[in-house]
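Okay, target08.cif now, which holds mmCIF, C-alpha atoms:
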```cif
data_model
#
loop_
_atom_site.label_atom_id
_atom_site.label_comp_id
_atom_site.auth_asym_id
_atom_site.auth_seq_id
_atom_site.Cartn_x
_atom_site.Cartn_y
_atom_site.Cartn_z
CA MET E 809 0.00 0.00 0.00
CA ASN E 810 2.81 2.38 0.85
CA LYS E 811 4.40 1.70 -2.52
CA LYS E 812 1.17 2.61 -4.29
CA PHE E 813 0.94 5.92 -2.45
CA PHE E 814 4.58 6.63 -3.20
CA LEU E 815 4.11 5.94 -6.92
CA LEU E 816 1.01 8.13 -7.01
CA PHE E 817 2.88 10.92 -5.23
CA LEU E 818 5.79 10.59 -7.67
CA ILE E 819 3.45 10.79 -10.67
CA LEU E 820 1.83 13.96 -9.31
CA ILE E 821 5.20 15.58 -8.67
CA LEU E 822 6.55 14.72 -12.11
CA GLY E 823 3.33 15.95 -13.69
CA GLY E 824 3.69 19.28 -11.91
CA VAL E 825 7.31 19.61 -12.98
CA TRP E 826 6.34 18.84 -16.57
CA GLN E 827 3.69 21.55 -16.51
CA LEU E 828 6.22 23.95 -14.98
CA LEU E 829 8.82 23.33 -17.65
CA GLY E 830 6.29 24.04 -20.38
CA GLN E 831 4.05 22.13 -22.73
CA GLN E 832 4.81 21.10 -26.28
CA VAL E 833 2.88 23.57 -28.43
CA ALA E 834 3.39 23.59 -32.18
CA VAL E 835 3.89 26.70 -34.29
CA GLN E 836 0.75 27.64 -36.19
CA ASP E 837 1.81 27.96 -39.83
CA PRO E 838 -0.99 26.81 -42.15
CA THR E 839 0.39 28.64 -45.19
CA GLY E 840 3.95 27.32 -44.83
CA ALA E 841 5.35 30.83 -44.37
CA LEU E 842 8.38 29.46 -42.52
CA HIS E 843 9.28 26.80 -45.11
CA PRO E 844 11.76 28.91 -47.13
CA LEU E 845 13.85 29.45 -44.00
CA TRP E 846 14.77 25.75 -43.96
CA TRP E 847 16.38 25.94 -47.39
CA GLN E 848 18.06 29.23 -46.58
CA LEU E 849 19.68 27.65 -43.52
CA GLN E 850 21.04 24.81 -45.65
CA ASP E 851 22.92 27.29 -47.84
CA SER E 852 26.28 27.79 -46.12
CA THR E 853 27.31 30.52 -48.57
CA ARG E 854 24.86 33.19 -47.46
CA LEU E 855 24.07 35.32 -44.44
CA ILE E 856 20.71 34.50 -42.87
CA SER E 857 19.32 37.38 -40.82
CA ILE E 858 16.70 36.77 -38.12
CA ALA E 859 15.29 39.73 -36.17
CA HIS E 860 13.63 39.17 -32.80
CA VAL E 861 11.57 42.29 -32.03
CA GLY E 862 9.97 42.82 -28.64
CA ASP E 863 9.72 44.59 -25.31
CA SER E 864 11.72 44.22 -22.10
CA HIS E 865 11.54 40.43 -22.41
CA VAL E 866 13.72 40.75 -25.54
CA GLN E 867 15.90 43.71 -24.49
CA ALA E 868 17.24 41.69 -21.55
CA GLY E 869 18.67 39.25 -24.10
CA SER E 870 18.04 35.94 -22.30
CA PHE E 871 14.88 35.21 -24.31
CA THR E 872 16.82 35.26 -27.61
CA ILE E 873 19.98 33.45 -26.44
CA PRO E 874 18.67 29.86 -26.83
CA LEU E 875 17.77 30.44 -30.50
CA ARG E 876 21.14 32.04 -31.24
CA ASN E 877 23.04 29.23 -29.50
CA LYS E 878 21.01 26.47 -31.19
CA LEU E 879 21.61 27.90 -34.65
CA LEU E 880 25.30 28.37 -33.81
CA ARG E 881 25.67 24.69 -32.89
CA GLN E 882 23.59 23.41 -35.78
CA TYR E 883 24.61 25.70 -38.64
CA GLY E 884 27.54 27.79 -37.43
CA GLY E 885 26.44 31.29 -36.47
CA ALA E 886 27.65 34.51 -38.09
CA GLY E 887 28.21 36.31 -34.79
CA TYR E 888 26.37 38.24 -32.12
CA GLY E 889 24.41 40.55 -34.42
CA TRP E 890 22.68 43.73 -33.27
CA VAL E 891 24.07 45.77 -30.39
CA GLY E 892 21.49 48.32 -29.28
CA GLY E 893 23.73 50.38 -27.00
CA HIS E 894 21.14 50.61 -24.21
CA PRO E 895 23.73 51.36 -21.48
CA LEU E 896 24.27 54.73 -23.20
CA TYR E 897 21.07 55.95 -21.55
CA GLY E 898 21.36 53.89 -18.37
CA SER E 899 19.22 50.94 -19.41
CA ASN E 900 19.91 47.20 -19.40
CA GLN E 901 21.04 44.91 -22.19
CA SER E 902 22.14 41.31 -22.72
CA SER E 903 24.77 40.01 -20.32
CA GLU E 904 26.69 38.54 -23.27
CA ILE E 905 28.12 41.92 -24.32
CA ARG E 906 29.92 44.49 -22.18
CA PHE E 907 29.29 47.99 -23.57
CA ASN E 908 31.19 51.12 -22.50
CA ALA E 909 31.36 54.59 -23.98
CA SER E 910 32.96 58.00 -23.60
CA PRO E 911 31.14 60.21 -22.80
CA TYR E 912 29.37 57.83 -20.44
CA ARG E 913 25.83 58.99 -21.27
CA TRP E 914 24.39 60.02 -24.65
CA SER E 915 21.06 61.60 -25.51
CA VAL E 916 18.51 59.16 -26.87
CA SER E 917 15.17 59.28 -28.65
CA LYS E 918 13.12 56.06 -28.66
CA LEU E 919 9.94 54.71 -30.21
CA THR E 920 8.63 54.22 -26.69
CA ASP E 921 8.99 57.92 -25.80
CA ARG E 922 5.80 59.95 -25.55
CA ASN E 923 6.49 61.62 -28.90
CA GLY E 924 8.33 58.64 -30.38
CA THR E 925 11.03 59.28 -32.97
CA SER E 926 10.65 59.93 -36.68
CA GLU E 927 13.79 58.03 -37.71
CA PRO E 928 14.29 55.09 -35.32
CA GLY E 929 16.67 52.93 -37.37
CA PRO E 930 16.73 49.13 -36.99
CA GLY E 931 16.75 49.25 -33.17
CA GLY E 932 13.88 51.66 -32.62
CA LEU E 933 16.10 54.43 -31.22
CA VAL E 934 18.65 57.06 -32.17
CA PHE E 935 21.58 58.37 -30.12
CA SER E 936 22.97 61.88 -30.37
CA LEU E 937 25.76 63.82 -28.69
CA LEU E 938 27.21 67.29 -29.06
CA SER E 939 30.85 66.64 -28.17
CA GLY E 940 33.37 66.10 -30.94
CA MET E 941 35.54 63.21 -29.77
CA HIS E 942 33.70 60.12 -28.55
CA SER E 943 34.22 56.38 -28.46
CA ILE E 944 32.49 53.08 -27.72
CA ARG E 945 33.89 49.74 -26.61
CA MET E 946 32.08 46.43 -27.17
CA GLU E 947 33.46 43.28 -25.58
CA SER E 948 32.17 39.73 -25.76
CA ARG E 949 31.63 38.09 -22.38
CA ILE E 950 31.09 34.62 -23.88
CA GLY E 951 34.39 34.18 -25.70
CA GLU E 952 33.21 35.13 -29.19
CA ARG E 953 35.64 36.80 -31.58
CA TYR E 954 34.49 39.14 -34.32
CA ALA E 955 35.94 40.04 -37.71
CA TYR E 956 33.50 42.78 -38.76
CA ALA E 957 31.71 45.68 -37.13
CA LEU E 958 28.85 47.59 -38.72
CA VAL E 959 28.07 51.16 -37.70
CA TYR E 960 24.65 52.71 -38.34
CA ARG E 961 24.94 56.53 -38.44
CA SER E 962 23.30 59.58 -39.93
CA HIS E 963 24.44 60.99 -43.26
CA ASP E 964 25.97 64.05 -41.57
CA THR E 965 28.01 61.98 -39.11
CA LYS E 966 31.54 60.98 -40.08
CA PRO E 967 32.39 57.25 -40.09
CA MET E 968 33.77 55.79 -36.85
CA ARG E 969 37.29 54.40 -36.95
CA GLY E 970 39.04 51.56 -35.18
CA PHE E 971 42.69 50.62 -34.69
CA TYR E 972 45.31 50.82 -37.43
CA ARG E 973 44.35 47.45 -38.95
CA CYS E 974 40.67 48.37 -39.17
CA GLN E 975 39.53 49.20 -42.72
CA LEU E 976 36.30 50.66 -44.05
CA LEU E 977 35.11 48.19 -46.71
CA GLY E 978 32.19 50.21 -47.92
CA THR E 979 29.15 52.31 -47.04
CA GLU E 980 25.54 51.81 -48.00
CA GLU E 981 23.12 54.70 -47.63
CA ILE E 982 19.37 54.29 -47.29
CA ASP E 983 17.49 57.56 -46.88
CA ASN E 984 19.43 59.42 -44.18
CA ILE E 985 21.01 56.35 -42.56
CA CYS E 986 24.48 55.17 -43.58
CA VAL E 987 25.81 51.69 -42.82
CA ASP E 988 29.60 51.40 -42.61
CA THR E 989 31.12 47.91 -42.81
CA LEU E 990 34.46 47.78 -40.98
CA ASP E 991 36.96 44.96 -41.41
CA LEU E 992 38.62 44.72 -37.99
CA GLY E 993 41.81 43.26 -39.51
CA GLU E 994 41.84 40.34 -37.08
CA ARG E 995 39.33 38.35 -35.10
CA THR E 996 38.94 39.95 -31.69
CA GLY E 997 36.58 39.80 -28.74
CA SER E 998 37.00 43.48 -27.86
CA ILE E 999 36.29 46.32 -30.30
CA THR E 1000 36.90 50.02 -29.71
CA LEU E 1001 35.56 52.53 -32.23
CA GLN E 1002 36.13 56.29 -32.21
CA GLY E 1003 34.16 59.15 -33.72
CA SER E 1004 34.99 62.81 -34.20
CA SER E 1005 31.78 64.43 -35.47
CA ARG E 1006 29.97 67.11 -33.55
CA ASN E 1007 26.21 66.64 -33.36
CA ALA E 1008 26.75 62.99 -34.25
CA GLN E 1009 23.84 60.56 -34.52
CA TYR E 1010 24.00 56.77 -34.29
CA TYR E 1011 21.29 54.13 -34.56
CA GLY E 1012 23.20 51.10 -33.30
CA TRP E 1013 25.97 48.65 -34.16
CA GLN E 1014 26.39 45.09 -35.31
CA LEU E 1015 29.12 42.51 -34.60
CA LEU E 1016 29.82 39.63 -36.99
CA SER E 1017 32.32 36.78 -36.86
CA LYS E 1018 31.82 35.90 -40.51
CA LEU E 1019 29.56 36.77 -43.41
CA THR E 1020 27.81 33.43 -43.81
CA GLY E 1021 25.41 31.50 -41.64
CA PRO E 1022 22.56 32.65 -39.38
CA VAL E 1023 22.69 35.76 -37.21
CA VAL E 1024 19.97 36.52 -34.65
CA HIS E 1025 19.33 40.16 -33.75
CA ALA E 1026 17.66 40.90 -30.39
CA ILE E 1027 15.80 44.20 -30.84
CA GLY E 1028 13.88 45.06 -27.70
CA LEU E 1029 12.72 48.20 -25.91
CA ASN E 1030 11.50 48.26 -22.33
CA GLY E 1031 7.80 49.07 -22.12
CA ALA E 1032 7.16 48.65 -25.86
CA ARG E 1033 3.70 48.02 -27.32
CA PHE E 1034 2.45 46.99 -30.75
CA ASP E 1035 1.30 50.50 -31.67
CA GLN E 1036 4.79 51.93 -31.00
CA PHE E 1037 6.61 49.46 -33.26
CA ALA E 1038 3.91 49.36 -35.95
CA THR E 1039 5.26 52.37 -37.84
CA ALA E 1040 6.60 52.55 -41.37
CA ALA E 1041 9.72 54.33 -40.08
CA PHE E 1042 10.64 51.37 -37.90
CA GLY E 1043 9.87 48.87 -40.65
CA GLU E 1044 12.11 50.73 -43.08
CA GLY E 1045 14.87 50.86 -40.48
CA LEU E 1046 14.51 47.14 -39.78
CA SER E 1047 14.78 46.41 -43.50
CA MET E 1048 18.43 47.52 -43.31
CA LEU E 1049 19.12 44.19 -41.57
CA CYS E 1050 17.54 42.35 -44.56
CA PRO E 1051 15.78 39.82 -42.31
CA GLN E 1052 14.60 36.50 -43.71
CA LEU E 1053 12.53 36.05 -40.54
CA VAL E 1054 11.03 38.60 -38.13
CA ILE E 1055 9.87 37.23 -34.76
CA VAL E 1056 7.55 39.64 -32.94
CA SER E 1057 7.26 39.11 -29.17
CA LEU E 1058 5.00 41.89 -27.90
CA GLY E 1059 1.74 42.10 -25.99
CA THR E 1060 2.68 42.17 -22.31
CA ASN E 1061 2.50 45.97 -22.05
CA ASP E 1062 -0.56 46.11 -24.32
CA ALA E 1063 -2.37 43.85 -21.85
CA TYR E 1064 -1.15 45.66 -18.73
CA SER E 1065 -3.99 48.15 -18.59
CA LYS E 1066 -7.28 48.58 -16.77
CA ARG E 1067 -8.73 50.21 -19.88
CA TRP E 1068 -8.90 47.16 -22.08
CA ASP E 1069 -10.38 47.38 -25.59
CA PRO E 1070 -9.83 44.14 -27.57
CA ALA E 1071 -10.76 45.67 -30.93
CA PHE E 1072 -8.37 48.55 -30.34
CA ARG E 1073 -5.46 46.20 -29.53
CA LYS E 1074 -6.29 43.83 -32.36
CA GLY E 1075 -6.07 46.71 -34.82
CA PHE E 1076 -2.49 47.45 -33.81
CA VAL E 1077 -1.44 43.79 -34.09
CA ARG E 1078 -2.85 43.71 -37.61
CA GLN E 1079 -1.17 47.04 -38.40
CA MET E 1080 2.18 45.58 -37.27
CA VAL E 1081 1.84 42.55 -39.53
CA ARG E 1082 0.84 44.57 -42.59
CA MET E 1083 3.59 47.12 -41.98
CA LEU E 1084 6.22 44.37 -41.84
CA ARG E 1085 4.90 42.82 -45.05
CA ARG E 1086 5.06 46.15 -46.82
CA THR E 1087 8.51 47.21 -45.63
CA ASN E 1088 10.14 43.74 -45.46
CA PRO E 1089 8.46 41.76 -48.25
CA ASP E 1090 11.12 39.02 -48.29
CA ALA E 1091 10.78 38.24 -44.57
CA ALA E 1092 8.62 35.55 -43.01
CA ILE E 1093 6.74 36.73 -39.91
CA LEU E 1094 6.31 34.79 -36.66
CA LEU E 1095 4.13 36.25 -33.90
CA THR E 1096 4.46 34.96 -30.33
CA THR E 1097 1.92 35.46 -27.58
CA PRO E 1098 3.02 37.12 -24.31
CA PRO E 1099 3.91 34.92 -21.33
CA PRO E 1100 1.58 34.81 -18.31
CA CYS E 1101 2.05 37.70 -15.89
CA TYR E 1102 0.49 39.26 -12.83
CA PHE E 1103 -1.39 42.54 -12.44
CA ARG E 1104 -0.76 44.64 -9.32
CA THR E 1105 -4.00 45.71 -7.67
CA SER E 1106 -4.82 47.74 -4.52
CA TYR E 1107 -7.29 46.76 -1.82
CA VAL E 1108 -8.43 48.14 1.52
CA ALA E 1109 -6.63 46.20 4.24
CA GLY E 1110 -8.18 48.11 7.16
CA ARG E 1111 -8.64 51.52 8.74
CA ARG E 1112 -6.55 53.70 11.02
CA LYS E 1113 -8.00 56.85 12.56
CA ARG E 1114 -10.81 56.87 10.00
CA ARG E 1115 -8.36 56.55 7.11
CA LYS E 1116 -8.30 53.57 4.81
CA ILE E 1117 -5.14 51.51 4.73
CA TYR E 1118 -4.34 50.25 1.25
CA ARG E 1119 -2.24 47.24 0.39
CA GLN E 1120 -1.18 45.79 -2.94
CA ARG E 1121 -1.32 42.24 -4.18
CA LEU E 1122 -0.51 40.38 -7.37
CA GLU E 1123 -3.28 38.68 -9.33
CA PRO E 1124 -3.03 36.86 -12.68
CA ASN E 1125 -3.62 39.39 -15.46
CA PRO E 1126 -6.80 38.32 -17.32
CA ASN E 1127 -6.05 40.67 -20.20
CA THR E 1128 -3.03 38.55 -21.16
CA VAL E 1129 -5.43 35.70 -21.96
CA TYR E 1130 -7.34 37.91 -24.40
CA MET E 1131 -4.15 39.39 -25.85
CA ALA E 1132 -2.87 35.89 -26.62
CA ARG E 1133 -6.14 35.03 -28.36
CA ILE E 1134 -6.02 38.24 -30.38
CA ILE E 1135 -2.48 37.55 -31.61
CA MET E 1136 -3.36 34.00 -32.67
CA GLU E 1137 -6.52 35.25 -34.42
CA VAL E 1138 -4.66 37.94 -36.36
CA ALA E 1139 -2.02 35.41 -37.40
CA ARG E 1140 -4.70 33.10 -38.82
CA GLU E 1141 -6.53 35.94 -40.55
CA GLU E 1142 -3.35 37.44 -42.04
CA GLY E 1143 -1.77 34.10 -42.96
CA VAL E 1144 1.41 34.45 -40.88
CA ALA E 1145 3.00 32.01 -38.45
CA ALA E 1146 2.33 32.21 -34.71
CA TYR E 1147 3.51 30.51 -31.53
CA ASP E 1148 1.32 30.42 -28.42
CA LEU E 1149 3.94 30.91 -25.70
CA PHE E 1150 1.19 31.78 -23.22
CA THR E 1151 -0.29 28.28 -23.54
CA ALA E 1152 3.13 26.61 -23.68
CA LEU E 1153 3.93 28.03 -20.23
CA GLY E 1154 0.63 26.80 -18.82
CA GLY E 1155 -1.32 30.08 -18.94
CA ASN E 1156 -2.74 31.72 -15.86
CA GLU E 1157 -3.52 28.28 -14.41
CA GLN E 1158 0.21 27.61 -13.91
CA ILE E 1159 1.43 31.11 -13.14
CA ASP E 1160 1.63 30.53 -9.38
CA GLN E 1161 3.80 27.48 -9.96
CA LEU E 1162 6.08 29.52 -12.22
CA LYS E 1163 6.47 32.15 -9.51
CA ARG E 1164 7.16 29.62 -6.77
CA ALA E 1165 9.84 28.05 -8.95
CA GLY E 1166 11.61 31.40 -9.33
CA MET E 1167 10.71 31.82 -13.00
CA ILE E 1168 8.89 35.14 -12.42
CA SER E 1169 10.47 38.13 -10.68
CA SER E 1170 9.03 39.92 -7.66
CA ASP E 1171 7.21 42.54 -9.78
CA GLY E 1172 5.07 39.78 -11.31
CA VAL E 1173 5.64 40.97 -14.89
CA HIS E 1174 9.24 40.24 -15.74
CA TYR E 1175 10.84 36.83 -15.62
CA SER E 1176 14.12 35.67 -14.13
CA HIS E 1177 17.08 34.70 -16.29
CA GLU E 1178 16.03 31.07 -15.97
CA GLY E 1179 12.44 31.98 -16.87
CA TYR E 1180 13.48 33.78 -20.04
CA ARG E 1181 15.86 30.97 -20.92
CA ARG E 1182 13.00 28.48 -20.69
CA GLN E 1183 10.81 30.67 -22.89
CA GLY E 1184 13.59 30.82 -25.45
CA GLU E 1185 14.03 27.06 -25.39
CA LEU E 1186 10.32 26.46 -25.96
CA LEU E 1187 10.24 28.94 -28.85
CA THR E 1188 13.43 27.57 -30.41
CA GLU E 1189 12.24 23.95 -30.26
CA ALA E 1190 8.87 24.78 -31.81
CA LEU E 1191 10.33 27.08 -34.47
CA LEU E 1192 12.99 24.65 -35.68
CA LYS E 1193 10.47 21.81 -35.72
CA ALA E 1194 8.16 23.88 -37.91
CA VAL E 1195 11.01 24.97 -40.17
CA SER E 1196 12.41 21.46 -40.59
CA SER E 1197 9.05 20.18 -41.81
CA ALA E 1198 9.36 22.43 -44.84
CA ALA E 1199 7.99 21.38 -48.19
CA MET E 1200 10.14 21.72 -51.30
CA GLU E 1201 10.22 25.43 -52.01
CA PRO E 1202 12.75 27.57 -53.91
CA LEU E 1203 15.21 29.80 -52.12
CA SER E 1204 14.43 33.50 -51.92
CA SER E 1205 16.71 35.58 -54.10
CA ALA E 1206 16.99 38.27 -51.42
CA GLN E 1207 20.51 38.99 -50.23
CA GLY E 1208 21.64 41.06 -47.28
CA SER E 1209 23.04 44.54 -47.72
CA ILE E 1210 26.24 43.43 -46.00
CA THR E 1211 26.89 40.88 -48.74
CA LYS E 1212 26.39 43.56 -51.37
CA ILE E 1213 28.97 45.78 -49.69
CA LEU E 1214 31.55 43.03 -49.46
CA ARG E 1215 31.27 42.31 -53.17
CA GLN E 1216 32.88 45.68 -53.68
CA LYS E 1217 35.98 44.61 -51.79
#
```
File written out as structure tokens:
Amino acid sequence: MNKKFFLLFLILILGGVWQLLGQQVAVQDPTGALHPLWWQLQDSTRLISIAHVGDSHVQAGSFTIPLRNKLLRQYGGAGYGWVGGHPLYGSNQSSEIRFNASPYRWSVSKLTDRNGTSEPGPGGLVFSLLSGMHSIRMESRIGERYAYALVYRSHDTKPMRGFYRCQLLGTEEIDNICVDTLDLGERTGSITLQGSSRNAQYYGWQLLSKLTGPVVHAIGLNGARFDQFATAAFGEGLSMLCPQLVIVSLGTNDAYSKRWDPAFRKGFVRQMVRMLRRTNPDAAILLTTPPPCYFRTSYVAGRRKRRKIYRQRLEPNPNTVYMARIIMEVAREEGVAAYDLFTALGGNEQIDQLKRAGMISSDGVHYSHEGYRRQGELLTEALLKAVSSAAMEPLSSAQGSITKILRQK
């Protein structure tokens, strides 16, 4: 009898752990939008650009790391990719890159600002500074070594320069944004670039180890919503990365509101999809639903001298459920791929287990490093499974702007 109870207890525990680690949820891709990516990945002679666009979940970097590492092991990655420079305005970024600059702080205009920015570039922001001499230093903290650095600057800003072996291979200009491709002269894990322009403007940087294979760009902004990214200016800036796949992981901040209008939010999700199709016609689109999160509410805990005493508590955010449904609906209606991360993590039914396991931080909205890593693993597994089931389809003829520049060498 004791053995039976022990086995039953073991089954219940293992079942709870399985739910906690996430369920196997397939990518929804009825039109086969992701199929061309399989054949692109098999071509070892080309650069495959994947852009992961999102909010704070993406800016922290841990969400994107599993996909980058998996592609590196399986196909040989092209390097780290996009470096947003968030420490320049005192914000966080991926722990894989150490970023320093002189001056220490630069002015910044972001899509998430109240007035936004009219020319956000690929990363959704633009840096500016008045001083003449300035420099940045990017150093890998995971042992990667890079052969190329790309600088995204305004037309009126002079190109940045590196050490004596560093050579400018070429410059491509799109509208008012110039992209300089620098050959670092040798593979190095630490890159220092210097600029001398007054009133300089930069949109971000990119680090590459080679010019073939997949590169995954993490493009996130804390507090971002669909309506802030769903602008033609951002789409045109993103097109400078020539992505073959754009993964959109938004919705948490859209759902974190007491004034909830499903039709209003659905319109912005649809606007985002159509904007990406228009500005990046060669890119497949994959939408992901937001992970479960809490909503902080106030309640009257008692009275003291006729005054109400308020306390706060965390409750599962019901709007996240509706936001996840909206994203999946828009994906079906627009014929793009989608991954239901909300369901894969167990939804609001499992959110307390996630928090007890340390997957969710104390604010109830953000996740821990381990929590983001698990999200990335679930997404990576589902994405590569969907991609590997590709039907026979021809390769896209689209090539990255970096490749075009290097042909001039």
Counting only C-alpha atoms, which residues come within 10 Å of (2.2, 39.5, -2.8), with the point read in the file's coordinates, and could you list them as a list in words?
Arg1104, Arg1119, Gln1120, Arg1121, Leu1122, Glu1123, Ser1170, Asp1171 and Gly1172 of chain E
Selected by the PyMOL selection byres ((chain E and resi 892) around 7) in the shown coordinates: which residues, as a PyMOL selection string?
chain E and resi 890-891+893-894+931+1012-1013
Preceding selection exported with C-alpha atoms as a PDB file, in the coordinates of the input:
```pdb
ATOM      1  CA  TRP E 890      22.680  43.730 -33.270  1.00  0.00           C
ATOM      2  CA  VAL E 891      24.070  45.770 -30.390  1.00  0.00           C
ATOM      3  CA  GLY E 893      23.730  50.380 -27.000  1.00  0.00           C
ATOM      4  CA  HIS E 894      21.140  50.610 -24.210  1.00  0.00           C
ATOM      5  CA  GLY E 931      16.750  49.250 -33.170  1.00  0.00           C
ATOM      6  CA  GLY E1012      23.200  51.100 -33.300  1.00  0.00           C
ATOM      7  CA  TRP E1013      25.970  48.650 -34.160  1.00  0.00           C
TER       8      TRP E1013
END
```
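Considering all atoms listed in the file, the residue among E:Glu980, E:Asp863, E:Glu947, E:Glu952 positioned nearest to E:Gly885 is E:Glu952.
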Do you know which residues are at most 7 Å from stretch 1062-1074 of chain E counting only C-alpha atoms, after dropping those on the same chain fewer than 2 positions away, and could you put them as a ChimeraX atom specification?
/E:1033,1059-1060,1076-1078,1127-1128,1131,1134
Assuming the chain letters and numbering stay as they are in my file, what does the PyMOL selection byres ((chain E and resi 1093) around 9) actually select? List them as a PyMOL selection string.
chain E and resi 841-842+1052-1056+1081+1084-1085+1091-1092+1094-1095+1144-1146
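The spacing separating atom CA of E:Asp1035 from atom CA of E:Gly929 amounts to 16.6 Å.
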Atom pair atom CA of E:Leu845 + atom CA of E:Gly1143, distance 16.3 Å
So which residues get picked by the PyMOL selection byres ((chain E and resi 1001) around 6) here, written as a PyMOL selection string?
chain E and resi 943-944+968-970+1000+1002
For stretch 957-960 of chain E, find every residue with an atom within 8 Å (counting all atoms listed in the file), except residues of its own chain fewer than 3 positions away, and show them as a PyMOL selection string.
chain E and resi 954+967-968+985-992+1010-1016
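All polymer residues at most 7 Å from (30.1, 41.7, -27.4), using all atoms listed in the file, appear as Tyr888, Glu904, Ile905, Arg906, Met946, Glu947, Ser948, Arg949 and Gly997 of chain E.
Across the structure, atom CA of E:Gly1045 and atom CA of E:Ile1027 are spaced 11.8 Å apart.
If only C-alpha atoms are the atoms counted, then among E:Ser915, E:Ser910, E:Ser962, E:Asn1156 the closest residue to E:Asn1125 is E:Asn1156.
The closest residue to E:Ala1038, picked from E:Gly924, E:Pro1100, E:Gly889, E:Gly1155 and counting all atoms listed in the file, is E:Gly924.
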What are the centre and edge lengths in Å, to one decimal, of the axis-aligned box around all listed atoms of stretch 1037-1054 of chain E with 5 Å added on each side, as AutoDock Vina command-line options?
```
--center_x 11.5 --center_y 45.2 --center_z -38.9 --size_x 25.2 --size_y 28.3 --size_z 21.3
```
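The smallest atom-to-atom distance between E:Phe1042 and any of E:Thr1087, E:Ser936, E:Asn900, E:Thr996, using only C-alpha atoms, is found for E:Thr1087.
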Give me the residues within 10 Å of E:Ala1152 as a PyMOL selection string, counting only C-alpha atoms and dropping any in the same chain fewer than 2 places off.
chain E and resi 827-834+1097+1099-1100+1147-1150+1154-1155+1183+1186-1187
